[in-house]
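Novice: Encoded as structure tokens, here's the structure I'll be asking about.
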Amino acid sequence: MPLHKVSIRIDGEYVEAREGQTILEVARAAGKYIPTLCYLAGVSPSGACRLCVVEVSGVGRLLPSCTTAVQDGMSVTTNSEKLARYRRMVLEFLLTERNHYCSVCVSNGHCELQSMAAKLGVTHVRYPYTYPALPVDVSHPRFVLDHNRCILCTRCVRVCDEVEGAHVWDIASRGIRSMLVSELNKPWGESKSCTSCGKCVQACPTGALAEKGWAVEEMTKSHENISRLAVKRGVRV
Amino acid sequence: MPMLQEQEYVDRLVAEYQGRPGSLLTILERVQERASGKYLSAEVLEYIAAKMNLPLSQVHSVVTFYALFNLEPQGENTICVCRGTACHTRGSRALLERLKLELGVVDHSEEADAADKLSITTPDRKFTIRTVACFGQCALAPVVEINHQIFGHVNERALRTEIDELSKGK
């Protein structure tokens, strides 16, 4: 199928795009900044975090730019007072949903949730914290899974499935009870399909997945390598 | 070994639905319907996943997403108490508490605030108590469903009579 060119407007500027590209891809290529958490270049988008919402004129509701394809003549606003308010609210909900205590987290200082909150000006949270009682899975010899820090972005799920091909992870249950599980809700260490490649750890934006025994200063992650690998394998551009 | 029977049945279903997207749901449903205790054991799930060449985690994800699938053996009789708003205002919480006392089951999920999705079975596997958000029969509130039959305007005495009938009938 030949790829048609479409032209859209992003924040008033005319931008050329290929049909089938998402708003996020086109906006980023044009040098626009749209905040994201669940988006990971190289794996399929999921639209889970709702940080990348944009306004499209003629559409009453906000659309997630990572899963919305461009259409000819579309006019997109990537930044406005309303969007900033919505994005801050998304972060507030993420912060209250589980126990995100930065000071005792291995990802303190390297956490995408933390730096995003700082960047978008989330100085405080207006909602009560839920303090769920969540387990920490230390059964894997090399890695640790701390459900308290998980934001259910499913980056690990998609990386494991689409890049590594193991599909160890998935999200069980739904709503507030959603949990990351390996295989049939078994301890990670007992998983037979896990290759211990560590891509999920590198893909994780928070301290939910980390190397065992690493200090805060060491626990830096690099998901750029995963994106590069995925693109090399032709998974997705 | 009942597992062998299950395997044959699963093999047949997988062959029947080969290549049809979304067939996992149908297969899981039919296997559960046939299983004693009306539930999907870990062994059965593992077998289905292997047979359908699906990741275990994906099968688990589907099974836990839909309320119709059970991962624990169910009782012979299912009593489902509506915890929707209308039934709540007409005293369904008291009914549920009464039911738990009557059947002598302890609800461990209370501290986890799982009141809207409860499923507990008596140790003798006679009864399973469940809750549901709404039956769509709010005019009959409070509503209790016993073995797929709807009872409206239920009070504690009526509930007790039904339970006695069911325990005697066994």
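Chain identifiers are assigned as A, B, and so on, following the order in which chains appear in the structure tokens; residues are numbered from 1 within each chain, and ligands are numbered from 1 in order of appearance.
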Find the spatial neighbours of segment 129-137 of chain B, counting only C-alpha atoms, within a cut-off of 12 Å - ignore same-chain residues fewer than 4 positions away - and output them as a count of residues only.
Specialist: 58
Novice: From segment 57-141 of chain B, collect each residue whose DSSP state is strand (DSSP E or B) and return the set as a ChimeraX atom specification.
Specialist: /B:77-82,119-121,127-132
Novice: Take the residues that were just selected and, keeping N, CA and C atoms, output them as a PDB file, in the first residue's frame.
Specialist:
ATOM      1  N   ASN B  77     -24.353 -24.728  45.153  1.00  0.00           N
ATOM      2  CA  ASN B  77     -25.348 -23.669  44.988  1.00  0.00           C
ATOM      3  C   ASN B  77     -24.654 -22.314  45.023  1.00  0.00           C
ATOM      4  N   THR B  78     -25.074 -21.452  44.120  1.00  0.00           N
ATOM      5  CA  THR B  78     -24.504 -20.108  44.095  1.00  0.00           C
ATOM      6  C   THR B  78     -25.560 -19.095  44.526  1.00  0.00           C
ATOM      7  N   ILE B  79     -25.215 -18.328  45.534  1.00  0.00           N
ATOM      8  CA  ILE B  79     -26.113 -17.278  45.996  1.00  0.00           C
ATOM      9  C   ILE B  79     -25.443 -15.948  45.718  1.00  0.00           C
ATOM     10  N   CYS B  80     -26.104 -15.162  44.913  1.00  0.00           N
ATOM     11  CA  CYS B  80     -25.510 -13.913  44.471  1.00  0.00           C
ATOM     12  C   CYS B  80     -26.323 -12.743  45.019  1.00  0.00           C
ATOM     13  N   VAL B  81     -25.701 -11.930  45.860  1.00  0.00           N
ATOM     14  CA  VAL B  81     -26.399 -10.809  46.483  1.00  0.00           C
ATOM     15  C   VAL B  81     -26.064  -9.533  45.718  1.00  0.00           C
ATOM     16  N   CYS B  82     -27.092  -8.800  45.354  1.00  0.00           N
ATOM     17  CA  CYS B  82     -26.864  -7.548  44.634  1.00  0.00           C
ATOM     18  C   CYS B  82     -26.389  -6.473  45.612  1.00  0.00           C
ATOM     19  N   SER B 119     -16.403 -13.431  46.345  1.00  0.00           N
ATOM     20  CA  SER B 119     -16.707 -14.812  45.971  1.00  0.00           C
ATOM     21  C   SER B 119     -16.109 -15.728  47.023  1.00  0.00           C
ATOM     22  N   ILE B 120     -16.973 -16.209  47.934  1.00  0.00           N
ATOM     23  CA  ILE B 120     -16.472 -17.136  48.942  1.00  0.00           C
ATOM     24  C   ILE B 120     -17.320 -18.393  48.955  1.00  0.00           C
ATOM     25  N   THR B 121     -16.641 -19.503  49.174  1.00  0.00           N
ATOM     26  CA  THR B 121     -17.298 -20.799  49.164  1.00  0.00           C
ATOM     27  C   THR B 121     -17.187 -21.419  50.542  1.00  0.00           C
ATOM     28  N   PHE B 127     -22.174 -24.150  49.257  1.00  0.00           N
ATOM     29  CA  PHE B 127     -22.625 -22.821  48.826  1.00  0.00           C
ATOM     30  C   PHE B 127     -21.454 -21.924  48.427  1.00  0.00           C
ATOM     31  N   THR B 128     -21.724 -21.112  47.432  1.00  0.00           N
ATOM     32  CA  THR B 128     -20.795 -20.032  47.104  1.00  0.00           C
ATOM     33  C   THR B 128     -21.572 -18.725  47.209  1.00  0.00           C
ATOM     34  N   ILE B 129     -21.010 -17.781  47.931  1.00  0.00           N
ATOM     35  CA  ILE B 129     -21.643 -16.467  48.040  1.00  0.00           C
ATOM     36  C   ILE B 129     -20.900 -15.510  47.127  1.00  0.00           C
ATOM     37  N   ARG B 130     -21.646 -14.816  46.299  1.00  0.00           N
ATOM     38  CA  ARG B 130     -21.031 -13.818  45.429  1.00  0.00           C
ATOM     39  C   ARG B 130     -21.795 -12.512  45.552  1.00  0.00           C
ATOM     40  N   THR B 131     -21.162 -11.460  45.080  1.00  0.00           N
ATOM     41  CA  THR B 131     -21.879 -10.190  45.007  1.00  0.00           C
ATOM     42  C   THR B 131     -21.809  -9.687  43.578  1.00  0.00           C
ATOM     43  N   VAL B 132     -22.730  -8.832  43.223  1.00  0.00           N
ATOM     44  CA  VAL B 132     -22.764  -8.278  41.885  1.00  0.00           C
ATOM     45  C   VAL B 132     -23.137  -6.800  42.022  1.00  0.00           C
TER      46      VAL B 132
END
Novice: If we count only C-alpha atoms, what is near Val54 of chain A at a cut-off of 6 Å, once residues fewer than 5 positions away on the same chain are taken out, given as a list in words?
Specialist: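 Neighbouring residues, sequence-local ones excluded: Leu62, Leu63, Thr77 and Thr78 of chain A.
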Novice: Those residues with C-alpha atoms, as a PDB file, in the first residue's frame please?
Specialist:
ATOM      1  CA  LEU A  62      -8.935  15.083  24.459  1.00  0.00           C
ATOM      2  CA  LEU A  63      -7.234  12.408  22.377  1.00  0.00           C
ATOM      3  CA  THR A  77      -2.840  21.728  19.995  1.00  0.00           C
ATOM      4  CA  THR A  78      -0.077  20.120  22.054  1.00  0.00           C
TER       5      THR A  78
END
Novice: For a quick check of understanding, using only C-alpha atoms, which of A:Ser57, A:Thr22, A:Ser107, A:Ser178 has the smallest distance to chain B?
Specialist: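 Closest candidate: A:Ser178.
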Novice: Any idea what's packed within 9 Å of segment 6-10 of chain B, counting only C-alpha atoms, ignoring anything in its chain fewer than 2 positions away? Could you give it as a PyMOL selection string?
Specialist: chain B and resi 2-4+12-15+27+31+34-35+44+47-48+51
Novice: Can you check which parts of chain A lie within 10 Å of chain B? Per residue, the shortest pair of atoms and distance in Å to one decimal, counting only C-alpha atoms, sorted by chain and number, as a Markdown table.
Specialist:
| residue | atom | partner | partner_atom | distance |
| --- | --- | --- | --- | --- |
| A:Pro132 | CA | B:Ala112 | CA | 8.2 |
| A:Ala133 | CA | B:Ala112 | CA | 8.2 |
| A:Val157 | CA | B:Ser57 | CA | 9.6 |
| A:Asp161 | CA | B:Pro55 | CA | 9.1 |
| A:Gly165 | CA | B:Pro55 | CA | 9.8 |
| A:Ala166 | CA | B:Pro55 | CA | 7.8 |
| A:His167 | CA | B:Pro55 | CA | 6.0 |
| A:Val168 | CA | B:Ser57 | CA | 6.1 |
| A:Trp169 | CA | B:Ser57 | CA | 5.8 |
| A:Asp170 | CA | B:Ser57 | CA | 5.3 |
| A:Ile171 | CA | B:Ser61 | CA | 5.6 |
| A:Ala172 | CA | B:Ser61 | CA | 4.3 |
| A:Ser173 | CA | B:Phe65 | CA | 4.5 |
| A:Arg174 | CA | B:Phe65 | CA | 5.7 |
| A:Gly175 | CA | B:Phe65 | CA | 9.3 |
| A:Arg177 | CA | B:Ala114 | CA | 9.0 |
| A:Ser178 | CA | B:Phe65 | CA | 8.8 |
| A:Met179 | CA | B:Ser61 | CA | 9.5 |
| A:Leu180 | CA | B:Ser61 | CA | 9.3 |
| A:Val181 | CA | B:Ser57 | CA | 6.8 |
| A:Ser182 | CA | B:Ser57 | CA | 5.8 |
| A:Glu183 | CA | B:Ser57 | CA | 3.9 |
| A:Leu184 | CA | B:His60 | CA | 5.5 |
| A:Asn185 | CA | B:His60 | CA | 7.4 |
| A:Lys186 | CA | B:Ser57 | CA | 9.5 |
| A:Ser191 | CA | B:Leu56 | CA | 9.9 |
| A:Ser193 | CA | B:Pro55 | CA | 8.6 |
Novice: Env of Leu120 of chain A: 9 Å cut, atoms = only C-alpha atoms, seq-sep filter 5 positions within chain, self excluded. Answer as a VMD selection string.
Specialist: chain A and resid 35 84 87 to 88 91 115
Novice: Just asking: which residues within segment 55-215 of chain A are alpha helix (DSSP H) according to DSSP, as a PyMOL selection string?
Specialist: chain A and resi 81-97+112-119+155-158+199-203
Novice: I'd like the neighbourhood of Thr154 of chain A as a list in words, where a residue qualifies if any of its atoms comes within 10 Å (using only C-alpha atoms), though same-chain residues fewer than 6 positions away should be ignored.
Specialist: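 Selected residues are Cys38, Tyr39, Leu40, Pro45, Ser46, Gly47, Ala48, Cys49, Cys160, Trp169, Asp170, Ile171, Leu180, Cys200, Ala203 and Cys204 of chain A.
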Novice: How many Å lie between atom CA of Ala17 of chain A and atom CA of Ile226 of chain A, rounded to one decimal?
Specialist: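 These two atoms are separated by 25.0 Å.
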Novice: Atom CA of Met116 of chain A to atom CA of Gly42 of chain A: how many Å, to one decimal?
Specialist: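 These atoms are spaced 21.0 Å apart.
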Novice: Residues within 12 Å of Asp137 of chain A, please, as a ChimeraX atom specification. Count only C-alpha atoms; anything in the same chain fewer than 4 positions from it doesn't count.
Specialist: /A:141-148,180-182,185-190,208-210,212
Novice: Could you turn the residues from that selection into a file that holds C-alpha atoms, as an mmCIF file, in the first residue's frame?
Specialist:
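As a result, result_18.cif now contains:
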data_model
loop_
_atom_site.group_PDB
_atom_site.id
_atom_site.type_symbol
_atom_site.label_atom_id
_atom_site.label_comp_id
_atom_site.auth_asym_id
_atom_site.auth_seq_id
_atom_site.Cartn_x
_atom_site.Cartn_y
_atom_site.Cartn_z
ATOM 1 C CA PRO A 141 17.871 -14.139 41.325
ATOM 2 C CA ARG A 142 18.839 -10.893 39.594
ATOM 3 C CA PHE A 143 15.842 -8.599 39.563
ATOM 4 C CA VAL A 144 13.196 -7.324 41.919
ATOM 5 C CA LEU A 145 9.573 -6.369 41.259
ATOM 6 C CA ASP A 146 8.080 -3.819 43.629
ATOM 7 C CA HIS A 147 4.333 -3.473 42.989
ATOM 8 C CA ASN A 148 4.275 -0.356 45.153
ATOM 9 C CA LEU A 180 1.443 -6.926 36.908
ATOM 10 C CA VAL A 181 1.768 -10.732 36.936
ATOM 11 C CA SER A 182 4.262 -13.179 35.551
ATOM 12 C CA ASN A 185 0.490 -15.223 38.916
ATOM 13 C CA LYS A 186 3.561 -17.166 39.941
ATOM 14 C CA PRO A 187 6.620 -15.702 41.607
ATOM 15 C CA TRP A 188 8.912 -14.230 38.944
ATOM 16 C CA GLY A 189 11.752 -16.526 39.936
ATOM 17 C CA GLU A 190 9.637 -19.600 39.123
ATOM 18 C CA ALA A 208 8.984 -1.084 40.058
ATOM 19 C CA LEU A 209 11.493 -3.243 38.203
ATOM 20 C CA ALA A 210 15.108 -2.961 39.298
ATOM 21 C CA LYS A 212 18.798 -6.584 42.884
#
Novice: As an exercise, work out the distance from atom CA of His140 of chain A to atom CA of Thr220 of chain A in Å and give it to one decimal place.
Specialist: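 Taking atom CA of His140 of chain A as the start and atom CA of Thr220 of chain A as the end point, the length is 19.4 Å.
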